[in-house]
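All remarks here apply to the structure that follows.
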Amino acid sequence: MNSKDGGPRRAQGGSPIRDNNRDLVLEVLRRNQPISRVEIARKSGLQRSTISSIVDGLIEERWVREGSVVKTERGRRPTMLTMNDDLLLLVGDIRPTKAILAVVDLNGKFLDRTMVPIIADPKQGVDLVAEGMRHLQSHFRGKTWEGAGISLAGRVNKITQKLAWAPNLPWVGFDIRGTLRKALKIQVELENAANACLLSEVWFGHMEGIQSAVLITISEGVGAAALVNGSLMEGADGLAGEFGHVPVSDSGPRCACGQVGCWEMFASSRAALRYLQEEMKGKGAPTIQELMNLEASGDEAARAALNRQAEWIGRGLRVVTAVFNPELILFVGDITLRWDVVGPIINAELTRRLVGGAQPRIAILSDGEAARLRGAAAVLLQRHISFKRTSAIR
Ligand SMILES: [Zn+2]
């Protein structure tokens with residue numbers, strides 16, 4: 001597809017994340033199942049006719065099932081609706097050193113999980129992921145697969161769907177989606193991990209009514225995703241939101257992207273480990289978990305390292321808030337493990353450095369792994385709809 005005609009870009013990038021009525025029906029259904037059409041109308045406030053056509057569509061797509069008939073006091077017998085338990089999704093979270101693979105249902109519930117290592121050769125690496133997914137599938141014979149959603153530590157070009165940029169993953173330029181599609185023979189969708197986490201909150205979380213939000217992942221690197229006026233910011237090549245590589249200093253160690261002074265080199269878990277090493281004159285802790293444990297046991301050097309990391313995170317937020325003016329900033333990743341220590345520092349830095357307007361609310365997603373995987377499911381569910389909407393121009 002020629003990207004210059006503007007068609008698919010506009011159709012995908014400019015459309016809001018959710019089809020409001022359809023999503024409202026799905027949400028009411030998911031939270032209250034089994035539930036009748038009449039009850040959905042009462043709880044959602046939508047017209048009966050709107051609900052009927054949405055529910056018919058969902059049944060046709062096999063997302064929703066008509067189940068038992070319930071006898072009510074007045075003797076009427078509404079047909080009850082439930083989400084289709086037999087429809088499953090494969091999800092994957094591809095990180096720099098490992099891929100976590102899982103099976104989820106349409107409710108976002110995890111049913112199975114496995115892990116495979118990441119190896120440098122892209123063909124062999126992606127084959128391992130496919131093998132892991134097929135292995136998971138073999139545990140659920142007789143079920144139907146909606147597709148596979150993948151969140152990964154990199155940026156995916158929306159047009160070619162190839163990995164366009166990933167300083168910490170050695171598979172740039174490789175056709176991950178095509179290879180998985182061929183191996184699994186189902187729809188496969190890829191998305192950046194930060195975008196996936198934000199989508200997870202929109203689909204399965206509590207972001208009702210929030211139009212402007214930024215999500216920041218702090219682990220090996222620093223990633224970001226932004227919800228702008230209700231739409232996920234993507235950019236021309238899917239690279240928008242790489243705040244980890246905004247310069248915050250003119251010195252420091254060289255980043256994997258090739259530059260010096262990137263925010264990621266001062267605010268990531270790797271930076272915290274470096275600070276600890278500096279504090280302890282070359283010793284330190286080999287993993288961020290060990291650093292956190294040290295800090296929790298009262299180690300002063302570990303506390304100082306975390307404080308320094310938190311201050312740098314706060315400094316970078318000036319750029320984020322100046323660009324997006326978000327009402328909500330969500331943090332996910334290692335940093336949330338000791339949020340009682342780092343949260344107040346980040347909040348204080350934010351207050352000190354805010355450009356203007358009301359201070360955004362800061363919150364954390366404590367289960368980052370689940371958010372990435374649920375996000376991968378949300379990507380698939382969202383694209384399923386947008387695929388239908390835009391199939392005419394595809
Ligand atoms: Zn960089």
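Here's how to read the names in the structure tokens: chain A, B, ... by the order shown, residue numbers from 1 in each chain, ligand numbers from 1 in the order shown.
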Can you list every residue of range 127-203 of chain A that has an atom at most 10 Å from range 102-121 of chain A, with its nearest atom pair and the distance in Å to one decimal, using only C-alpha atoms, ordered by chain then number, as JSON lines?
```
{"residue": "A:Asp127", "atom": "CA", "partner": "A:Asp121", "partner_atom": "CA", "distance": 10.0}
{"residue": "A:Leu128", "atom": "CA", "partner": "A:Val116", "partner_atom": "CA", "distance": 6.9}
{"residue": "A:Val129", "atom": "CA", "partner": "A:Val116", "partner_atom": "CA", "distance": 6.6}
{"residue": "A:Ala130", "atom": "CA", "partner": "A:Val116", "partner_atom": "CA", "distance": 10.0}
{"residue": "A:Glu131", "atom": "CA", "partner": "A:Val116", "partner_atom": "CA", "distance": 9.3}
{"residue": "A:Gly132", "atom": "CA", "partner": "A:Val116", "partner_atom": "CA", "distance": 6.9}
{"residue": "A:Met133", "atom": "CA", "partner": "A:Ala102", "partner_atom": "CA", "distance": 7.7}
{"residue": "A:His135", "atom": "CA", "partner": "A:Thr114", "partner_atom": "CA", "distance": 9.1}
{"residue": "A:Leu136", "atom": "CA", "partner": "A:Asp112", "partner_atom": "CA", "distance": 7.1}
{"residue": "A:Gln137", "atom": "CA", "partner": "A:Val103", "partner_atom": "CA", "distance": 8.0}
{"residue": "A:His139", "atom": "CA", "partner": "A:Asp112", "partner_atom": "CA", "distance": 8.5}
{"residue": "A:Phe140", "atom": "CA", "partner": "A:Val103", "partner_atom": "CA", "distance": 9.3}
{"residue": "A:Trp145", "atom": "CA", "partner": "A:Asp105", "partner_atom": "CA", "distance": 9.6}
{"residue": "A:Glu146", "atom": "CA", "partner": "A:Leu106", "partner_atom": "CA", "distance": 9.3}
{"residue": "A:Ala148", "atom": "CA", "partner": "A:Val103", "partner_atom": "CA", "distance": 9.2}
{"residue": "A:Leu169", "atom": "CA", "partner": "A:Ala120", "partner_atom": "CA", "distance": 8.1}
{"residue": "A:Pro170", "atom": "CA", "partner": "A:Ala120", "partner_atom": "CA", "distance": 5.7}
{"residue": "A:Trp171", "atom": "CA", "partner": "A:Ala120", "partner_atom": "CA", "distance": 7.3}
{"residue": "A:Phe174", "atom": "CA", "partner": "A:Asp121", "partner_atom": "CA", "distance": 10.0}
{"residue": "A:Ser200", "atom": "CA", "partner": "A:Gly108", "partner_atom": "CA", "distance": 9.2}
{"residue": "A:Trp203", "atom": "CA", "partner": "A:Gly108", "partner_atom": "CA", "distance": 9.3}
```
Hey, can you spit out that residue selection with N, CA and C atoms as an mmCIF file, in the first residue's frame?
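Output below, filename result_28.cif:
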```cif
data_model
loop_
_atom_site.group_PDB
_atom_site.id
_atom_site.type_symbol
_atom_site.label_atom_id
_atom_site.label_comp_id
_atom_site.auth_asym_id
_atom_site.auth_seq_id
_atom_site.Cartn_x
_atom_site.Cartn_y
_atom_site.Cartn_z
ATOM 1 N N ASP A 127 11.173 -17.428 15.304
ATOM 2 C CA ASP A 127 10.715 -18.825 15.236
ATOM 3 C C ASP A 127 10.488 -19.385 16.645
ATOM 4 N N LEU A 128 11.370 -19.022 17.574
ATOM 5 C CA LEU A 128 11.210 -19.477 18.969
ATOM 6 C C LEU A 128 9.909 -18.943 19.575
ATOM 7 N N VAL A 129 9.612 -17.664 19.277
ATOM 8 C CA VAL A 129 8.368 -17.067 19.777
ATOM 9 C C VAL A 129 7.169 -17.821 19.200
ATOM 10 N N ALA A 130 7.219 -18.103 17.885
ATOM 11 C CA ALA A 130 6.117 -18.824 17.230
ATOM 12 C C ALA A 130 5.944 -20.212 17.848
ATOM 13 N N GLU A 131 7.067 -20.869 18.095
ATOM 14 C CA GLU A 131 7.037 -22.205 18.698
ATOM 15 C C GLU A 131 6.385 -22.148 20.083
ATOM 16 N N GLY A 132 6.781 -21.156 20.869
ATOM 17 C CA GLY A 132 6.202 -20.974 22.202
ATOM 18 C C GLY A 132 4.700 -20.753 22.124
ATOM 19 N N MET A 133 4.269 -19.956 21.147
ATOM 20 C CA MET A 133 2.840 -19.675 21.010
ATOM 21 C C MET A 133 2.074 -20.923 20.567
ATOM 22 N N HIS A 135 2.919 -23.908 21.219
ATOM 23 C CA HIS A 135 2.891 -24.777 22.396
ATOM 24 C C HIS A 135 1.727 -24.375 23.318
ATOM 25 N N LEU A 136 1.567 -23.070 23.529
ATOM 26 C CA LEU A 136 0.448 -22.594 24.354
ATOM 27 C C LEU A 136 -0.889 -23.001 23.721
ATOM 28 N N GLN A 137 -0.973 -22.834 22.402
ATOM 29 C CA GLN A 137 -2.222 -23.185 21.705
ATOM 30 C C GLN A 137 -2.588 -24.651 21.924
ATOM 31 N N HIS A 139 -2.432 -26.355 24.417
ATOM 32 C CA HIS A 139 -3.114 -26.603 25.705
ATOM 33 C C HIS A 139 -4.613 -26.291 25.643
ATOM 34 N N PHE A 140 -5.051 -25.721 24.535
ATOM 35 C CA PHE A 140 -6.458 -25.276 24.443
ATOM 36 C C PHE A 140 -7.121 -25.820 23.188
ATOM 37 N N TRP A 145 -9.186 -19.037 17.901
ATOM 38 C CA TRP A 145 -8.175 -18.009 18.156
ATOM 39 C C TRP A 145 -8.503 -16.748 17.383
ATOM 40 N N GLU A 146 -8.675 -15.655 18.122
ATOM 41 C CA GLU A 146 -8.981 -14.364 17.499
ATOM 42 C C GLU A 146 -7.747 -13.811 16.793
ATOM 43 N N ALA A 148 -3.120 -12.951 17.345
ATOM 44 C CA ALA A 148 -2.002 -12.774 18.277
ATOM 45 C C ALA A 148 -1.619 -11.303 18.328
ATOM 46 N N LEU A 169 16.761 -4.015 20.935
ATOM 47 C CA LEU A 169 16.295 -5.302 20.387
ATOM 48 C C LEU A 169 16.943 -5.495 19.002
ATOM 49 N N PRO A 170 17.600 -6.650 18.786
ATOM 50 C CA PRO A 170 18.417 -6.775 17.575
ATOM 51 C C PRO A 170 17.641 -7.223 16.323
ATOM 52 N N TRP A 171 16.357 -6.929 16.230
ATOM 53 C CA TRP A 171 15.572 -7.450 15.111
ATOM 54 C C TRP A 171 15.060 -6.361 14.160
ATOM 55 N N PHE A 174 13.369 -6.645 10.461
ATOM 56 C CA PHE A 174 12.874 -8.003 10.213
ATOM 57 C C PHE A 174 11.343 -8.019 10.240
ATOM 58 N N SER A 200 -4.035 -0.799 27.130
ATOM 59 C CA SER A 200 -4.559 -1.717 28.137
ATOM 60 C C SER A 200 -5.397 -0.948 29.153
ATOM 61 N N TRP A 203 -8.714 0.090 27.519
ATOM 62 C CA TRP A 203 -9.657 -1.023 27.286
ATOM 63 C C TRP A 203 -10.097 -1.709 28.562
#
```
- Query: Taking only C-alpha atoms and all ligand atoms into account, which residues are within 12 Å of ligand 1, as a PyMOL selection string?
  - Reply: chain A and resi 165-168+221-223+242-249+252-268
- How far is it from CA of Val91 in chain A to CA of Val188 in chain A, in Å with one decimal?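 Distance between the two atoms: 9.5 Å.
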- Message: I'd like the neighbourhood of range 321-323 of chain A as a list in words, where a residue qualifies if any of its atoms comes within 9 Å (using only C-alpha atoms), though same-chain residues fewer than 6 positions away should be ignored.
- Response: Val214, Ile329, Leu350, Leu354, Val355, Gly356, Gln359 and Pro360 of chain A
For the selection you just gave me, I'd like the residues written to a file as a PDB file, in the first residue's frame, keeping C-alpha atoms.
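Result saved to part.pdb:
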```
ATOM      1  CA  VAL A 214       0.910  10.123  29.163  1.00  0.00           C
ATOM      2  CA  ILE A 329       0.669  10.620  34.004  1.00  0.00           C
ATOM      3  CA  LEU A 350       7.011  17.895  38.855  1.00  0.00           C
ATOM      4  CA  LEU A 354       5.621  22.554  35.853  1.00  0.00           C
ATOM      5  CA  VAL A 355       5.353  24.979  32.925  1.00  0.00           C
ATOM      6  CA  GLY A 356       1.807  26.043  33.779  1.00  0.00           C
ATOM      7  CA  GLN A 359      -0.572  19.728  37.984  1.00  0.00           C
ATOM      8  CA  PRO A 360      -1.337  16.384  36.338  1.00  0.00           C
TER       9      PRO A 360
END
```
Identify, on the basis of only C-alpha atoms, every residue whose closest approach to Leu190 in chain A does not exceed 10 Å; exclude the query and any residue fewer than 5 positions from it along the same chain; express the result as a PDB file with C-alpha atoms, in the first residue's frame.
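The result, stored in selection-v3.pdb:
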```pdb
ATOM      1  CA  VAL A  91      -0.345 -12.345  23.464  1.00  0.00           C
ATOM      2  CA  GLY A  92       3.370 -11.703  23.700  1.00  0.00           C
ATOM      3  CA  ASP A  93       5.629  -9.177  25.378  1.00  0.00           C
ATOM      4  CA  ALA A 148      -2.002 -12.774  18.277  1.00  0.00           C
ATOM      5  CA  GLY A 149      -1.052  -9.398  19.735  1.00  0.00           C
ATOM      6  CA  ILE A 150       2.554  -8.503  20.469  1.00  0.00           C
ATOM      7  CA  SER A 151       3.947  -5.647  22.522  1.00  0.00           C
ATOM      8  CA  LEU A 152       7.621  -4.975  22.081  1.00  0.00           C
ATOM      9  CA  GLY A 154      10.650  -0.819  19.873  1.00  0.00           C
ATOM     10  CA  ARG A 155       8.642   1.164  17.359  1.00  0.00           C
ATOM     11  CA  VAL A 156       6.688  -0.421  14.558  1.00  0.00           C
ATOM     12  CA  ASN A 157       6.176   1.312  11.219  1.00  0.00           C
ATOM     13  CA  LYS A 158       2.401   1.529  10.777  1.00  0.00           C
ATOM     14  CA  GLN A 161       4.449  -3.223  10.133  1.00  0.00           C
ATOM     15  CA  LYS A 162       8.182  -3.904  10.389  1.00  0.00           C
ATOM     16  CA  LEU A 163      10.229  -3.055  13.448  1.00  0.00           C
ATOM     17  CA  ILE A 176       8.196 -10.189  12.731  1.00  0.00           C
ATOM     18  CA  ARG A 177       4.500  -9.914  11.907  1.00  0.00           C
ATOM     19  CA  ALA A 196       0.272  -1.223  24.509  1.00  0.00           C
ATOM     20  CA  ALA A 376      -1.138  -6.635  23.361  1.00  0.00           C
ATOM     21  CA  VAL A 379      -4.124  -3.844  20.253  1.00  0.00           C
ATOM     22  CA  LEU A 380      -5.592  -6.897  18.626  1.00  0.00           C
TER      23      LEU A 380
END
```
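Within range 215-334 of chain A, DSSP applied to the backbone places the following residues in strand (DSSP E or B): Leu215, Ile216, Thr217, Ile218, Val222, Gly223, Ala224, Ala225, Ala226, Leu227, Val228, Ser231, Leu232, Pro247, Arg254, Val260, Cys262, Leu328, Ile329, Leu330, Phe331, Val332 and Gly333 of chain A.
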Could you please take those selected residues and save C-alpha atoms as an mmCIF file, in the first residue's frame?
```cif
data_model
loop_
_atom_site.group_PDB
_atom_site.id
_atom_site.type_symbol
_atom_site.label_atom_id
_atom_site.label_comp_id
_atom_site.auth_asym_id
_atom_site.auth_seq_id
_atom_site.Cartn_x
_atom_site.Cartn_y
_atom_site.Cartn_z
ATOM 1 C CA LEU A 215 2.257 6.732 30.165
ATOM 2 C CA ILE A 216 5.942 6.329 30.970
ATOM 3 C CA THR A 217 7.684 2.977 31.278
ATOM 4 C CA ILE A 218 10.816 2.915 33.390
ATOM 5 C CA VAL A 222 12.531 4.752 29.240
ATOM 6 C CA GLY A 223 9.516 4.580 26.937
ATOM 7 C CA ALA A 224 6.477 6.780 26.611
ATOM 8 C CA ALA A 225 3.035 6.809 25.032
ATOM 9 C CA ALA A 226 0.531 9.622 24.803
ATOM 10 C CA LEU A 227 -3.208 9.809 24.506
ATOM 11 C CA VAL A 228 -3.924 13.157 22.828
ATOM 12 C CA SER A 231 -6.341 9.282 20.196
ATOM 13 C CA LEU A 232 -3.096 7.391 20.578
ATOM 14 C CA PRO A 247 18.542 15.199 25.536
ATOM 15 C CA ARG A 254 26.597 7.031 25.364
ATOM 16 C CA VAL A 260 24.889 11.302 24.527
ATOM 17 C CA CYS A 262 19.429 10.942 26.547
ATOM 18 C CA LEU A 328 -2.873 12.029 34.013
ATOM 19 C CA ILE A 329 0.669 10.620 34.004
ATOM 20 C CA LEU A 330 0.924 6.858 34.486
ATOM 21 C CA PHE A 331 4.151 5.136 35.483
ATOM 22 C CA VAL A 332 4.847 1.498 34.838
ATOM 23 C CA GLY A 333 7.937 -0.674 35.302
#
```
- Apply DSSP to the structure's backbone, then extract all residues of range 71-207 of chain A labelled alpha helix (DSSP H) and return them as a ChimeraX atom specification. /A:122-138,176-184,193-204
Emit the selected residues as a PDB file, in the first residue's frame, including C-alpha atoms.
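Heads up, here's the output in out-v3.pdb:
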```
ATOM      1  CA  PRO A 122      15.899 -12.478  14.102  1.00  0.00           C
ATOM      2  CA  LYS A 123      14.717 -15.496  12.107  1.00  0.00           C
ATOM      3  CA  GLN A 124      15.639 -17.982  14.835  1.00  0.00           C
ATOM      4  CA  GLY A 125      14.417 -15.614  17.543  1.00  0.00           C
ATOM      5  CA  VAL A 126      10.976 -15.094  16.018  1.00  0.00           C
ATOM      6  CA  ASP A 127      10.715 -18.825  15.236  1.00  0.00           C
ATOM      7  CA  LEU A 128      11.210 -19.477  18.969  1.00  0.00           C
ATOM      8  CA  VAL A 129       8.368 -17.067  19.777  1.00  0.00           C
ATOM      9  CA  ALA A 130       6.117 -18.824  17.230  1.00  0.00           C
ATOM     10  CA  GLU A 131       7.037 -22.205  18.698  1.00  0.00           C
ATOM     11  CA  GLY A 132       6.202 -20.974  22.202  1.00  0.00           C
ATOM     12  CA  MET A 133       2.840 -19.675  21.010  1.00  0.00           C
ATOM     13  CA  ARG A 134       1.995 -22.918  19.223  1.00  0.00           C
ATOM     14  CA  HIS A 135       2.891 -24.777  22.396  1.00  0.00           C
ATOM     15  CA  LEU A 136       0.448 -22.594  24.354  1.00  0.00           C
ATOM     16  CA  GLN A 137      -2.222 -23.185  21.705  1.00  0.00           C
ATOM     17  CA  SER A 138      -1.810 -26.928  22.118  1.00  0.00           C
ATOM     18  CA  ILE A 176       8.196 -10.189  12.731  1.00  0.00           C
ATOM     19  CA  ARG A 177       4.500  -9.914  11.907  1.00  0.00           C
ATOM     20  CA  GLY A 178       4.706 -11.727   8.565  1.00  0.00           C
ATOM     21  CA  THR A 179       6.809 -14.527  10.041  1.00  0.00           C
ATOM     22  CA  LEU A 180       4.417 -15.074  12.960  1.00  0.00           C
ATOM     23  CA  ARG A 181       1.392 -14.860  10.683  1.00  0.00           C
ATOM     24  CA  LYS A 182       2.828 -17.551   8.431  1.00  0.00           C
ATOM     25  CA  ALA A 183       3.659 -19.808  11.376  1.00  0.00           C
ATOM     26  CA  LEU A 184       0.404 -19.336  13.330  1.00  0.00           C
ATOM     27  CA  ALA A 193       5.160  -1.646  24.727  1.00  0.00           C
ATOM     28  CA  ALA A 194       4.357   1.818  26.099  1.00  0.00           C
ATOM     29  CA  ASN A 195       1.513   2.254  23.601  1.00  0.00           C
ATOM     30  CA  ALA A 196       0.272  -1.223  24.509  1.00  0.00           C
ATOM     31  CA  CYS A 197       0.214  -0.393  28.235  1.00  0.00           C
ATOM     32  CA  LEU A 198      -1.763   2.763  27.568  1.00  0.00           C
ATOM     33  CA  LEU A 199      -4.215   0.852  25.360  1.00  0.00           C
ATOM     34  CA  SER A 200      -4.559  -1.717  28.137  1.00  0.00           C
ATOM     35  CA  GLU A 201      -5.662   1.040  30.520  1.00  0.00           C
ATOM     36  CA  VAL A 202      -8.109   2.419  27.971  1.00  0.00           C
ATOM     37  CA  TRP A 203      -9.657  -1.023  27.286  1.00  0.00           C
ATOM     38  CA  PHE A 204      -9.421  -2.843  30.581  1.00  0.00           C
TER      39      PHE A 204
END
```
Near Asp299 in chain A, within 12 Å and counting only C-alpha atoms, which residues show up once chain neighbours fewer than 6 positions away are dropped, as a CSV table (one decimal) with C-alpha atoms, in the first residue's frame?
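The resulting file, part.csv, is shown below:
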```
chain,number,residue,atom,x,y,z
A,276,LEU,CA,24.7,2.7,43.0
A,279,GLU,CA,28.2,5.4,45.4
A,280,MET,CA,29.8,2.1,46.2
A,284,GLY,CA,26.8,-2.1,43.6
A,285,ALA,CA,24.1,-4.6,42.7
A,290,GLU,CA,18.7,-6.4,44.2
A,291,LEU,CA,19.1,-2.6,44.3
A,292,MET,CA,15.4,-2.3,45.5
A,293,ASN,CA,16.0,-5.0,48.1
A,305,ALA,CA,20.9,5.9,43.9
A,306,LEU,CA,17.1,5.7,43.8
```
- Query: Between CA of Arg318 in chain A and CA of Thr351 in chain A, what is the distance, to one decimal in Å?
  - Reply: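 Computed distance, CA of Arg318 in chain A to CA of Thr351 in chain A, equals 9.4 Å.
When the distance limit is 10 Å and only C-alpha atoms are what count, the residues near Glu66 in chain A, minus those fewer than 2 positions from it on the same chain, are Pro34, Ile35, Ser36, Val55, Ile59, Val64, Ser68, Val69, Thr79, Met80, Leu81, Thr82, Met83 and Asn84 of chain A.
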- Computed gap from CA of Leu365 in chain A to CA of Thr336 in chain A is 7.5 Å
- Counting only C-alpha atoms, figure out which residue out of A:Val28, A:Ala310, A:Lys143, A:Leu294 gets nearest to Gly45 in chain A.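 Going through A:Val28, A:Ala310, A:Lys143, A:Leu294 one by one, the smallest distance to Gly45 in chain A is for A:Val28.
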